[in-house]
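> Sharing a structure with you now.
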Amino acid sequence: MMPKTVLVTGGAGYIGSHACVELLNAGYELSVLDNFSNSEPEMLTRVKQITNRSFKTFNADLRDEKALNDLFAASRIDAVIHFAALKAVGESVLHPLKYYETNVTGTINLLKAMQKADCCKIVFSSSATVYGLNNPSPYLEDYPLNAVNPYGSTKVMAERILLDLAASDPMWSIVLLRYFNPIGAHPSGLIGEKPSGIPNNIMPYITAVASGRLPELKIFGGDYQTADGTGVRDYIHVVDIAKGHLAALEYAFLHTGAEAFNLGTGKGTSVLELVHAFEKASGRSIPYKITSRRQGDLAAYYADTNKANLHLGWQAQHSLINMCKDAWRFEQLGHWL
Ligand code: NAD
Ligand code: UFG
């Protein structure tokens with residue numbers, strides 16, 4: 001059988017690059033579309049180095065309809081994994097139109113180009129942020145959605161558009177993956193999370209403190225109703241997230257319709273527990289200060305993972321210590337190369 005070709009949008013980014021490794025290792029042919037607005041082409045060179053495989057790269061923007069049509073006209077694409085998006089919550093509050101344009105209009109552009117090319121299988125990067133404020137943990141896929149910032153709204157809207165599309169035409173296969181908190185890096189240390197500027201997210205902040213690039217971690221809130229007072233999240237290894245995409249893709253090749261799945265571990269970890277696990281994994285101490293809460297943060301949430309276990313045959317494998325060890329290896333090696 002001919003290997004299937006998958007278009008990966010945002011394939012040079014943090015999660016996309018790890019998914020590319022898993023797809024190539026599983027024998028898929030790839031095309032990657034990225035405008036490198038939040039990533040470096042070097043990450044794709046490293047994907048090739050890790051897998052010893054090659055693929056086509058399109059330096060193109062989701063907002064450019066012609067570029068998308070040209071891409072689908074130039075090569076046969078069997079399915080799309082759609083990572084490309086803007087993802088900084090704070091920035092989305094300041095620049096909502098930029099977020100709606102890339103995350104919503106960009107997704108519509110992609111879907112229109114797919115429709116024209118008769119390509120009707122897509123795995124979409126959604127987020128646990130779609131569950132909003134008032135749902136008890138563990139989060140279930142059929143909870144009501146309720147975004148609380150423009151970034152979250154773009155994900156709720158894109159999910160809605162994809163559901164309406166599946167309802168309009170039974171040819172579509174659509175998988176919505178709601179990630180919890182991806183951290184860690186590829187065990188090679190070559191690819192990982194490399195945000196530009198001061199990191200917003202906790203793990204790149206911790207690794208920057210561990211290597212001395214930043215003086216100390218500020219823990220946002222020590223007075224939550226949690227076991228140690230700090231915020232609780234469902235941290236999941238990025239390689240497990242990447243493998244979840246492989247399972248979702250296989251599901252999309254076998255099923256039509258639209259289905260949402262949580263990708264998490266089902267376990268909650270507090271900020272202090274994460275800091276202590278990182279200290280153990282790296283042998284470095286992480287100076288920290290407990291400061292006031294960050295606006296918009298929830299106290300605690302984690303995933304119910306039964307639906308993904310049952311229907312995708314997928315389960316997260318990596319421990320918190322592994323996530324920390326791999327994040328630290330990337331900080332020491334890949335971050336600087
Ligand atoms: P990332 O920023 O590392 O990767 C996104 C990639 O998309 C980047 O390579 C960027 O250059 C590219 N891109 C952005 N705008 C583009 C455009 N207009 N045209 C073409 N390419 C464009 O982010 P990530 O952490 O890898 O996230 C991937 C997806 O997962 C995103 O959709 C994000 O919203 C979602 N997500 C991420 C997290 C997380 O914690 N990292 C959690 C939940 C959901
Ligand atoms: N935190 C700190 N100090 C920091 C950064 C974070 O104490 O410097 C705390 C936060 O208060 C929170 C935890 O660490 O308790 C995790 O924070 P992150 O910023 O790493 O992640 P969030 O849970 O806020 O959000 C992430 C992504 C969102 C996505 C969401 C999905 O950033 O885009 O997961 O669950 F929507």
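Letters A, B, ... go to the chains of the structure tokens in the order shown; residues in each chain start at 1; ligands are counted from 1 in the same order.
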Neighbours of ligand 2 at 8 Å or closer, counting only C-alpha atoms and all ligand atoms: which residues, as an MDAnalysis selection string?
chainID A and resid 87:89 127:130 151:152 178:182 199:203 205:206 217:221 230:234 270:271 290 293:294 297:300
> Would you mind exporting N, CA, C and O atoms of the selected residues as a short mmCIF file (atom, residue, chain, number, x, y, z; two decimals), in the first residue's frame?

```cif
data_model
loop_
_atom_site.label_atom_id
_atom_site.label_comp_id
_atom_site.auth_asym_id
_atom_site.auth_seq_id
_atom_site.Cartn_x
_atom_site.Cartn_y
_atom_site.Cartn_z
N LYS A 87 -0.87 31.40 20.24
CA LYS A 87 -1.27 30.69 21.47
C LYS A 87 -1.05 31.44 22.78
O LYS A 87 -1.20 30.85 23.84
N ALA A 88 -0.65 32.72 22.73
CA ALA A 88 -0.37 33.42 23.99
C ALA A 88 -1.64 34.10 24.51
O ALA A 88 -2.15 35.05 23.89
N VAL A 89 -2.14 33.62 25.65
CA VAL A 89 -3.42 34.10 26.18
C VAL A 89 -3.39 35.62 26.41
O VAL A 89 -4.29 36.33 25.96
N SER A 127 -7.76 22.78 23.01
CA SER A 127 -7.09 23.02 24.29
C SER A 127 -8.08 22.80 25.42
O SER A 127 -9.29 23.04 25.26
N ALA A 128 -7.57 22.44 26.59
CA ALA A 128 -8.41 22.31 27.78
C ALA A 128 -9.00 23.65 28.18
O ALA A 128 -9.97 23.70 28.94
N THR A 129 -8.45 24.72 27.64
CA THR A 129 -8.96 26.05 27.96
C THR A 129 -10.41 26.23 27.48
O THR A 129 -11.13 27.08 27.99
N VAL A 130 -10.87 25.39 26.54
CA VAL A 130 -12.26 25.51 26.05
C VAL A 130 -13.29 25.19 27.14
O VAL A 130 -14.45 25.56 27.02
N TYR A 151 -8.11 33.96 23.07
CA TYR A 151 -7.45 32.74 22.58
C TYR A 151 -8.39 31.54 22.73
O TYR A 151 -8.60 30.77 21.78
N GLY A 152 -8.97 31.40 23.94
CA GLY A 152 -9.89 30.28 24.18
C GLY A 152 -11.09 30.35 23.24
O GLY A 152 -11.55 29.32 22.72
N ARG A 178 -8.05 17.98 22.67
CA ARG A 178 -7.96 19.03 23.70
C ARG A 178 -6.78 18.71 24.60
O ARG A 178 -6.87 17.84 25.47
N TYR A 179 -5.67 19.44 24.37
CA TYR A 179 -4.46 19.18 25.15
C TYR A 179 -4.58 19.82 26.52
O TYR A 179 -5.05 20.95 26.64
N PHE A 180 -4.04 19.15 27.52
CA PHE A 180 -3.90 19.76 28.84
C PHE A 180 -2.56 20.52 28.85
O PHE A 180 -2.37 21.39 28.01
N ASN A 181 -1.60 20.22 29.71
CA ASN A 181 -0.38 21.06 29.73
C ASN A 181 0.84 20.31 29.21
O ASN A 181 1.53 19.64 29.99
N PRO A 182 1.14 20.43 27.91
CA PRO A 182 2.30 19.73 27.36
C PRO A 182 3.60 20.35 27.87
O PRO A 182 3.78 21.57 27.82
N PRO A 199 9.47 33.54 29.03
CA PRO A 199 8.40 32.54 28.86
C PRO A 199 7.14 32.88 29.65
O PRO A 199 7.23 33.43 30.75
N ASN A 200 5.99 32.54 29.08
CA ASN A 200 4.71 32.66 29.79
C ASN A 200 4.43 31.40 30.58
O ASN A 200 3.82 31.44 31.64
N ASN A 201 4.83 30.28 30.03
CA ASN A 201 4.46 28.98 30.59
C ASN A 201 5.51 28.51 31.60
O ASN A 201 6.66 28.92 31.55
N ILE A 202 5.06 27.63 32.48
CA ILE A 202 5.90 27.32 33.63
C ILE A 202 7.19 26.57 33.29
O ILE A 202 8.26 26.93 33.80
N MET A 203 7.14 25.52 32.45
CA MET A 203 8.35 24.71 32.27
C MET A 203 9.49 25.47 31.60
O MET A 203 10.63 25.42 32.09
N TYR A 205 10.03 28.49 31.84
CA TYR A 205 10.50 29.43 32.86
C TYR A 205 11.43 28.71 33.84
O TYR A 205 12.52 29.19 34.19
N ILE A 206 11.01 27.51 34.27
CA ILE A 206 11.83 26.75 35.22
C ILE A 206 13.19 26.41 34.60
O ILE A 206 14.24 26.56 35.25
N LEU A 217 12.01 31.82 39.91
CA LEU A 217 10.64 31.56 39.44
C LEU A 217 9.67 32.31 40.34
O LEU A 217 9.82 32.30 41.55
N LYS A 218 8.69 32.94 39.70
CA LYS A 218 7.60 33.51 40.50
C LYS A 218 6.45 32.53 40.45
O LYS A 218 5.95 32.22 39.36
N ILE A 219 6.05 32.04 41.60
CA ILE A 219 4.90 31.11 41.65
C ILE A 219 3.65 31.97 41.85
O ILE A 219 3.55 32.71 42.84
N PHE A 220 2.74 31.85 40.89
CA PHE A 220 1.57 32.73 40.88
C PHE A 220 0.48 32.22 41.83
O PHE A 220 -0.43 31.53 41.40
N GLY A 221 0.60 32.57 43.09
CA GLY A 221 -0.45 32.24 44.06
C GLY A 221 -0.08 31.06 44.94
O GLY A 221 0.25 29.99 44.43
N THR A 230 -0.68 25.93 45.87
CA THR A 230 -0.29 26.39 44.52
C THR A 230 -1.18 25.72 43.47
O THR A 230 -1.82 24.69 43.74
N GLY A 231 -1.21 26.29 42.28
CA GLY A 231 -2.11 25.84 41.21
C GLY A 231 -1.81 24.41 40.76
O GLY A 231 -0.65 23.98 40.76
N VAL A 232 -2.85 23.70 40.38
CA VAL A 232 -2.71 22.30 39.95
C VAL A 232 -3.10 22.16 38.49
O VAL A 232 -4.13 22.67 38.05
N ARG A 233 -2.23 21.47 37.71
CA ARG A 233 -2.50 21.22 36.29
C ARG A 233 -2.17 19.78 35.94
O ARG A 233 -1.45 19.10 36.67
N ASP A 234 -2.63 19.37 34.75
CA ASP A 234 -2.37 18.02 34.24
C ASP A 234 -1.23 18.13 33.24
O ASP A 234 -1.44 18.37 32.05
N SER A 270 0.83 19.99 41.46
CA SER A 270 0.89 21.40 41.84
C SER A 270 2.19 22.03 41.35
O SER A 270 3.14 21.31 41.00
N VAL A 271 2.23 23.35 41.33
CA VAL A 271 3.45 24.05 40.88
C VAL A 271 4.63 23.64 41.78
O VAL A 271 5.72 23.34 41.28
N ILE A 290 6.84 33.05 46.12
CA ILE A 290 5.39 32.97 45.90
C ILE A 290 4.85 34.39 45.81
O ILE A 290 5.08 35.21 46.70
N ARG A 293 -1.63 35.86 42.68
CA ARG A 293 -2.21 35.03 41.61
C ARG A 293 -2.12 35.73 40.26
O ARG A 293 -2.15 36.96 40.22
N ARG A 294 -2.04 34.96 39.18
CA ARG A 294 -2.07 35.54 37.83
C ARG A 294 -3.53 35.63 37.41
O ARG A 294 -4.28 34.65 37.54
N ASP A 297 -6.14 32.71 35.97
CA ASP A 297 -5.75 31.32 36.27
C ASP A 297 -6.82 30.62 37.10
O ASP A 297 -7.41 31.21 38.00
N LEU A 298 -7.01 29.34 36.81
CA LEU A 298 -7.88 28.50 37.64
C LEU A 298 -7.04 27.85 38.73
O LEU A 298 -5.82 27.66 38.55
N ALA A 299 -7.69 27.45 39.83
CA ALA A 299 -6.95 26.80 40.93
C ALA A 299 -6.42 25.43 40.48
O ALA A 299 -5.24 25.14 40.65
N ALA A 300 -7.30 24.61 39.94
CA ALA A 300 -6.90 23.22 39.68
C ALA A 300 -7.78 22.60 38.60
O ALA A 300 -8.99 22.81 38.61
#
```
> Would you list the residues that come within 8 Å of ligand 1? Count only C-alpha atoms and all ligand atoms and give the answer as a PDB file with N, CA, C and O atoms, in the first residue's frame.

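What ended up in out.pdb:
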```pdb
ATOM      1  N   THR A   9       0.346  21.497   9.544  1.00  0.00           N
ATOM      2  CA  THR A   9       0.490  22.956   9.636  1.00  0.00           C
ATOM      3  C   THR A   9       1.116  23.270  11.000  1.00  0.00           C
ATOM      4  O   THR A   9       0.817  22.592  11.988  1.00  0.00           O
ATOM      5  N   GLY A  10       2.011  24.232  11.039  1.00  0.00           N
ATOM      6  CA  GLY A  10       2.697  24.545  12.298  1.00  0.00           C
ATOM      7  C   GLY A  10       3.669  23.445  12.705  1.00  0.00           C
ATOM      8  O   GLY A  10       3.981  23.289  13.893  1.00  0.00           O
ATOM      9  N   GLY A  11       4.191  22.736  11.717  1.00  0.00           N
ATOM     10  CA  GLY A  11       5.060  21.582  11.994  1.00  0.00           C
ATOM     11  C   GLY A  11       6.417  21.938  12.573  1.00  0.00           C
ATOM     12  O   GLY A  11       7.101  21.070  13.111  1.00  0.00           O
ATOM     13  N   ALA A  12       6.816  23.220  12.474  1.00  0.00           N
ATOM     14  CA  ALA A  12       8.111  23.613  13.049  1.00  0.00           C
ATOM     15  C   ALA A  12       7.970  24.014  14.514  1.00  0.00           C
ATOM     16  O   ALA A  12       8.967  24.238  15.196  1.00  0.00           O
ATOM     17  N   GLY A  13       6.733  24.100  14.998  1.00  0.00           N
ATOM     18  CA  GLY A  13       6.493  24.560  16.370  1.00  0.00           C
ATOM     19  C   GLY A  13       6.774  23.473  17.400  1.00  0.00           C
ATOM     20  O   GLY A  13       7.217  22.367  17.071  1.00  0.00           O
ATOM     21  N   TYR A  14       6.503  23.811  18.646  1.00  0.00           N
ATOM     22  CA  TYR A  14       6.846  22.922  19.767  1.00  0.00           C
ATOM     23  C   TYR A  14       6.154  21.549  19.626  1.00  0.00           C
ATOM     24  O   TYR A  14       6.827  20.515  19.528  1.00  0.00           O
ATOM     25  N   ILE A  15       4.839  21.536  19.568  1.00  0.00           N
ATOM     26  CA  ILE A  15       4.149  20.233  19.519  1.00  0.00           C
ATOM     27  C   ILE A  15       4.244  19.645  18.114  1.00  0.00           C
ATOM     28  O   ILE A  15       4.473  18.436  17.931  1.00  0.00           O
ATOM     29  N   GLY A  16       4.101  20.509  17.090  1.00  0.00           N
ATOM     30  CA  GLY A  16       4.133  20.038  15.699  1.00  0.00           C
ATOM     31  C   GLY A  16       5.419  19.296  15.363  1.00  0.00           C
ATOM     32  O   GLY A  16       5.385  18.262  14.681  1.00  0.00           O
ATOM     33  N   SER A  17       6.569  19.804  15.832  1.00  0.00           N
ATOM     34  CA  SER A  17       7.840  19.155  15.484  1.00  0.00           C
ATOM     35  C   SER A  17       7.909  17.752  16.103  1.00  0.00           C
ATOM     36  O   SER A  17       8.406  16.813  15.469  1.00  0.00           O
ATOM     37  N   LEU A  33       3.652  22.903   6.554  1.00  0.00           N
ATOM     38  CA  LEU A  33       3.398  24.313   6.256  1.00  0.00           C
ATOM     39  C   LEU A  33       3.647  25.106   7.530  1.00  0.00           C
ATOM     40  O   LEU A  33       3.121  24.761   8.586  1.00  0.00           O
ATOM     41  N   ASP A  34       4.459  26.148   7.432  1.00  0.00           N
ATOM     42  CA  ASP A  34       4.713  27.019   8.587  1.00  0.00           C
ATOM     43  C   ASP A  34       5.167  28.369   8.061  1.00  0.00           C
ATOM     44  O   ASP A  34       5.847  28.420   7.035  1.00  0.00           O
ATOM     45  N   ASN A  35       4.793  29.446   8.770  1.00  0.00           N
ATOM     46  CA  ASN A  35       5.335  30.760   8.372  1.00  0.00           C
ATOM     47  C   ASN A  35       6.490  31.176   9.292  1.00  0.00           C
ATOM     48  O   ASN A  35       6.992  32.282   9.186  1.00  0.00           O
ATOM     49  N   PHE A  36       6.870  30.297  10.210  1.00  0.00           N
ATOM     50  CA  PHE A  36       8.000  30.501  11.126  1.00  0.00           C
ATOM     51  C   PHE A  36       7.848  31.781  11.958  1.00  0.00           C
ATOM     52  O   PHE A  36       8.826  32.391  12.344  1.00  0.00           O
ATOM     53  N   SER A  37       6.593  32.167  12.221  1.00  0.00           N
ATOM     54  CA  SER A  37       6.381  33.365  13.043  1.00  0.00           C
ATOM     55  C   SER A  37       6.703  33.057  14.504  1.00  0.00           C
ATOM     56  O   SER A  37       7.008  33.962  15.273  1.00  0.00           O
ATOM     57  N   ASN A  38       6.612  31.789  14.906  1.00  0.00           N
ATOM     58  CA  ASN A  38       6.954  31.452  16.300  1.00  0.00           C
ATOM     59  C   ASN A  38       7.830  30.208  16.356  1.00  0.00           C
ATOM     60  O   ASN A  38       7.715  29.394  17.275  1.00  0.00           O
ATOM     61  N   SER A  39       8.690  30.047  15.343  1.00  0.00           N
ATOM     62  CA  SER A  39       9.552  28.855  15.309  1.00  0.00           C
ATOM     63  C   SER A  39      10.691  29.120  14.335  1.00  0.00           C
ATOM     64  O   SER A  39      10.693  30.130  13.624  1.00  0.00           O
ATOM     65  N   GLU A  40      11.625  28.176  14.302  1.00  0.00           N
ATOM     66  CA  GLU A  40      12.786  28.329  13.416  1.00  0.00           C
ATOM     67  C   GLU A  40      12.843  27.159  12.445  1.00  0.00           C
ATOM     68  O   GLU A  40      12.601  26.014  12.857  1.00  0.00           O
ATOM     69  N   ASN A  59       7.002  27.362   3.163  1.00  0.00           N
ATOM     70  CA  ASN A  59       7.043  28.562   4.004  1.00  0.00           C
ATOM     71  C   ASN A  59       5.838  29.414   3.577  1.00  0.00           C
ATOM     72  O   ASN A  59       5.931  30.193   2.629  1.00  0.00           O
ATOM     73  N   ALA A  60       4.718  29.202   4.233  1.00  0.00           N
ATOM     74  CA  ALA A  60       3.478  29.856   3.802  1.00  0.00           C
ATOM     75  C   ALA A  60       2.628  30.190   5.016  1.00  0.00           C
ATOM     76  O   ALA A  60       2.818  29.630   6.100  1.00  0.00           O
ATOM     77  N   ASP A  61       1.676  31.094   4.785  1.00  0.00           N
ATOM     78  CA  ASP A  61       0.842  31.616   5.862  1.00  0.00           C
ATOM     79  C   ASP A  61      -0.597  31.138   5.680  1.00  0.00           C
ATOM     80  O   ASP A  61      -1.127  31.191   4.565  1.00  0.00           O
ATOM     81  N   LEU A  62      -1.204  30.743   6.782  1.00  0.00           N
ATOM     82  CA  LEU A  62      -2.602  30.287   6.753  1.00  0.00           C
ATOM     83  C   LEU A  62      -3.556  31.361   6.248  1.00  0.00           C
ATOM     84  O   LEU A  62      -4.649  31.059   5.788  1.00  0.00           O
ATOM     85  N   ARG A  63      -3.129  32.621   6.380  1.00  0.00           N
ATOM     86  CA  ARG A  63      -4.009  33.720   5.961  1.00  0.00           C
ATOM     87  C   ARG A  63      -3.956  33.937   4.459  1.00  0.00           C
ATOM     88  O   ARG A  63      -4.715  34.741   3.928  1.00  0.00           O
ATOM     89  N   HIS A  82      -3.619  20.004  12.045  1.00  0.00           N
ATOM     90  CA  HIS A  82      -3.611  21.467  12.035  1.00  0.00           C
ATOM     91  C   HIS A  82      -3.181  22.048  13.384  1.00  0.00           C
ATOM     92  O   HIS A  82      -4.000  22.255  14.280  1.00  0.00           O
ATOM     93  N   PHE A  83      -1.864  22.300  13.497  1.00  0.00           N
ATOM     94  CA  PHE A  83      -1.310  22.899  14.718  1.00  0.00           C
ATOM     95  C   PHE A  83      -1.198  24.416  14.627  1.00  0.00           C
ATOM     96  O   PHE A  83      -1.203  25.092  15.653  1.00  0.00           O
ATOM     97  N   ALA A  84      -0.988  24.940  13.403  1.00  0.00           N
ATOM     98  CA  ALA A  84      -0.598  26.353  13.265  1.00  0.00           C
ATOM     99  C   ALA A  84      -1.643  27.273  13.891  1.00  0.00           C
ATOM    100  O   ALA A  84      -2.820  27.225  13.536  1.00  0.00           O
ATOM    101  N   ALA A  85      -1.194  28.085  14.834  1.00  0.00           N
ATOM    102  CA  ALA A  85      -2.077  29.034  15.511  1.00  0.00           C
ATOM    103  C   ALA A  85      -1.219  29.954  16.364  1.00  0.00           C
ATOM    104  O   ALA A  85      -0.039  29.673  16.589  1.00  0.00           O
ATOM    105  N   LEU A  86      -1.832  31.029  16.829  1.00  0.00           N
ATOM    106  CA  LEU A  86      -1.185  31.859  17.852  1.00  0.00           C
ATOM    107  C   LEU A  86      -1.721  31.386  19.198  1.00  0.00           C
ATOM    108  O   LEU A  86      -2.896  31.028  19.306  1.00  0.00           O
ATOM    109  N   LYS A  87      -0.866  31.399  20.245  1.00  0.00           N
ATOM    110  CA  LYS A  87      -1.274  30.688  21.466  1.00  0.00           C
ATOM    111  C   LYS A  87      -1.046  31.439  22.780  1.00  0.00           C
ATOM    112  O   LYS A  87      -1.203  30.846  23.844  1.00  0.00           O
ATOM    113  N   THR A 102      -5.840  34.636  12.557  1.00  0.00           N
ATOM    114  CA  THR A 102      -4.994  33.451  12.340  1.00  0.00           C
ATOM    115  C   THR A 102      -5.732  32.166  12.728  1.00  0.00           C
ATOM    116  O   THR A 102      -5.752  31.189  11.977  1.00  0.00           O
ATOM    117  N   ASN A 103      -6.329  32.167  13.921  1.00  0.00           N
ATOM    118  CA  ASN A 103      -6.856  30.902  14.453  1.00  0.00           C
ATOM    119  C   ASN A 103      -8.218  30.526  13.881  1.00  0.00           C
ATOM    120  O   ASN A 103      -8.522  29.337  13.754  1.00  0.00           O
ATOM    121  N   GLY A 106      -7.849  31.658   9.522  1.00  0.00           N
ATOM    122  CA  GLY A 106      -6.821  30.748   8.992  1.00  0.00           C
ATOM    123  C   GLY A 106      -7.341  29.316   8.907  1.00  0.00           C
ATOM    124  O   GLY A 106      -7.088  28.606   7.924  1.00  0.00           O
ATOM    125  N   PHE A 124      -7.392  18.386  14.735  1.00  0.00           N
ATOM    126  CA  PHE A 124      -7.285  19.801  15.109  1.00  0.00           C
ATOM    127  C   PHE A 124      -6.750  19.961  16.530  1.00  0.00           C
ATOM    128  O   PHE A 124      -7.199  19.293  17.461  1.00  0.00           O
ATOM    129  N   SER A 125      -5.813  20.908  16.706  1.00  0.00           N
ATOM    130  CA  SER A 125      -5.243  21.235  18.021  1.00  0.00           C
ATOM    131  C   SER A 125      -6.195  22.117  18.789  1.00  0.00           C
ATOM    132  O   SER A 125      -6.247  23.330  18.560  1.00  0.00           O
ATOM    133  N   SER A 126      -6.917  21.525  19.739  1.00  0.00           N
ATOM    134  CA  SER A 126      -7.720  22.340  20.638  1.00  0.00           C
ATOM    135  C   SER A 126      -7.040  22.345  22.001  1.00  0.00           C
ATOM    136  O   SER A 126      -5.874  21.935  22.127  1.00  0.00           O
ATOM    137  N   SER A 127      -7.758  22.782  23.008  1.00  0.00           N
ATOM    138  CA  SER A 127      -7.093  23.018  24.293  1.00  0.00           C
ATOM    139  C   SER A 127      -8.083  22.805  25.424  1.00  0.00           C
ATOM    140  O   SER A 127      -9.289  23.044  25.261  1.00  0.00           O
ATOM    141  N   ALA A 128      -7.565  22.437  26.592  1.00  0.00           N
ATOM    142  CA  ALA A 128      -8.408  22.311  27.785  1.00  0.00           C
ATOM    143  C   ALA A 128      -9.001  23.653  28.175  1.00  0.00           C
ATOM    144  O   ALA A 128      -9.967  23.697  28.942  1.00  0.00           O
ATOM    145  N   THR A 129      -8.445  24.722  27.637  1.00  0.00           N
ATOM    146  CA  THR A 129      -8.958  26.052  27.958  1.00  0.00           C
ATOM    147  C   THR A 129     -10.408  26.227  27.479  1.00  0.00           C
ATOM    148  O   THR A 129     -11.128  27.084  27.988  1.00  0.00           O
ATOM    149  N   TYR A 151      -8.106  33.960  23.066  1.00  0.00           N
ATOM    150  CA  TYR A 151      -7.446  32.740  22.580  1.00  0.00           C
ATOM    151  C   TYR A 151      -8.389  31.535  22.732  1.00  0.00           C
ATOM    152  O   TYR A 151      -8.598  30.770  21.783  1.00  0.00           O
ATOM    153  N   LYS A 155     -10.491  28.862  19.898  1.00  0.00           N
ATOM    154  CA  LYS A 155     -10.521  27.389  19.886  1.00  0.00           C
ATOM    155  C   LYS A 155     -11.968  26.888  19.930  1.00  0.00           C
ATOM    156  O   LYS A 155     -12.331  25.940  19.233  1.00  0.00           O
ATOM    157  N   ARG A 178      -8.053  17.980  22.671  1.00  0.00           N
ATOM    158  CA  ARG A 178      -7.956  19.034  23.695  1.00  0.00           C
ATOM    159  C   ARG A 178      -6.780  18.715  24.600  1.00  0.00           C
ATOM    160  O   ARG A 178      -6.868  17.837  25.472  1.00  0.00           O
ATOM    161  N   TYR A 179      -5.667  19.442  24.369  1.00  0.00           N
ATOM    162  CA  TYR A 179      -4.457  19.176  25.152  1.00  0.00           C
ATOM    163  C   TYR A 179      -4.583  19.822  26.521  1.00  0.00           C
ATOM    164  O   TYR A 179      -5.053  20.949  26.638  1.00  0.00           O
ATOM    165  N   PHE A 180      -4.036  19.151  27.521  1.00  0.00           N
ATOM    166  CA  PHE A 180      -3.901  19.762  28.840  1.00  0.00           C
ATOM    167  C   PHE A 180      -2.560  20.518  28.854  1.00  0.00           C
ATOM    168  O   PHE A 180      -2.369  21.387  28.009  1.00  0.00           O
ATOM    169  N   ASN A 181      -1.600  20.219  29.711  1.00  0.00           N
ATOM    170  CA  ASN A 181      -0.385  21.058  29.733  1.00  0.00           C
ATOM    171  C   ASN A 181       0.837  20.307  29.210  1.00  0.00           C
ATOM    172  O   ASN A 181       1.526  19.638  29.988  1.00  0.00           O
ATOM    173  N   PRO A 182       1.138  20.431  27.915  1.00  0.00           N
ATOM    174  CA  PRO A 182       2.298  19.731  27.364  1.00  0.00           C
ATOM    175  C   PRO A 182       3.605  20.350  27.870  1.00  0.00           C
ATOM    176  O   PRO A 182       3.776  21.569  27.820  1.00  0.00           O
ATOM    177  N   ILE A 183       4.488  19.513  28.371  1.00  0.00           N
ATOM    178  CA  ILE A 183       5.834  19.965  28.778  1.00  0.00           C
ATOM    179  C   ILE A 183       6.835  18.897  28.325  1.00  0.00           C
ATOM    180  O   ILE A 183       6.448  17.877  27.766  1.00  0.00           O
ATOM    181  N   GLU A 193      10.725  23.062  23.593  1.00  0.00           N
ATOM    182  CA  GLU A 193       9.991  24.333  23.621  1.00  0.00           C
ATOM    183  C   GLU A 193      10.981  25.488  23.780  1.00  0.00           C
ATOM    184  O   GLU A 193      11.738  25.528  24.743  1.00  0.00           O
ATOM    185  N   LYS A 194      10.943  26.411  22.823  1.00  0.00           N
ATOM    186  CA  LYS A 194      11.906  27.509  22.841  1.00  0.00           C
ATOM    187  C   LYS A 194      11.180  28.827  22.589  1.00  0.00           C
ATOM    188  O   LYS A 194      11.253  29.382  21.495  1.00  0.00           O
ATOM    189  N   PRO A 195      10.435  29.326  23.577  1.00  0.00           N
ATOM    190  CA  PRO A 195       9.683  30.565  23.335  1.00  0.00           C
ATOM    191  C   PRO A 195      10.619  31.748  23.179  1.00  0.00           C
ATOM    192  O   PRO A 195      11.697  31.772  23.775  1.00  0.00           O
ATOM    193  N   ASN A 201       4.835  30.277  30.026  1.00  0.00           N
ATOM    194  CA  ASN A 201       4.461  28.981  30.595  1.00  0.00           C
ATOM    195  C   ASN A 201       5.507  28.512  31.601  1.00  0.00           C
ATOM    196  O   ASN A 201       6.663  28.921  31.553  1.00  0.00           O
TER     197      ASN A 201
END
```
> Using only C-alpha atoms, which protein or nucleic acid residues come within 8 Å of Pro187 (chain A)? Drop anything in the same chain fewer than 3 positions from it, and give the result as a list in words.
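Within the cut-off, the hits are Leu190, Asp326 and Arg329 of chain A.
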> Hey, can you check how far CA of His237 (chain A) sits from CA of Tyr28 (chain A)?
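A separation of 22.2 Å between them.
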> Would you please give, as a PyMOL selection string, all residues of region 184-326 of chain A that DSSP assigns to strand (DSSP E) based on the backbone?
chain A and resi 217-220+232-233+235-237+257-263+269-270+288-291
> Counting only C-alpha atoms, figure out which residue out of A:Ile191, A:Leu249, A:Ile286, A:Ile241 gets nearest to Leu333 (chain A).
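Of the candidates, the smallest distance to Leu333 (chain A) is held by A:Ile191.
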> Which residue out of A:Lys48, A:His318, A:His311, A:Lys4 has the minimum interatomic distance to Lys121 (chain A) when only C-alpha atoms are used?
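Using only C-alpha atoms, the shortest distance to Lys121 (chain A) belongs to A:Lys4.
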> Mind checking which residues fall within 10 Å of region 306-309 of chain A, counting only C-alpha atoms, ignoring those fewer than 6 positions away in the same chain, and posting them as number ranges by chain?
A: 140-141, 177, 244, 247-248, 260-264, 266, 315-316
> Which distance in Å separates CA of Ala258 (chain A) and CA of Trp172 (chain A), to one decimal?
7.7 Å
> One decimal, in Å: what's the spacing between CA of Lys56 (chain A) and CA of Gly27 (chain A)?
14.9 Å
> Using only C-alpha atoms, which residue out of A:Arg284, A:Arg46, A:Arg160, A:Lys267 lies closest to Ser319 (chain A)?
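Of A:Arg284, A:Arg46, A:Arg160, A:Lys267, the one nearest Ser319 (chain A), counting only C-alpha atoms, is A:Lys267.
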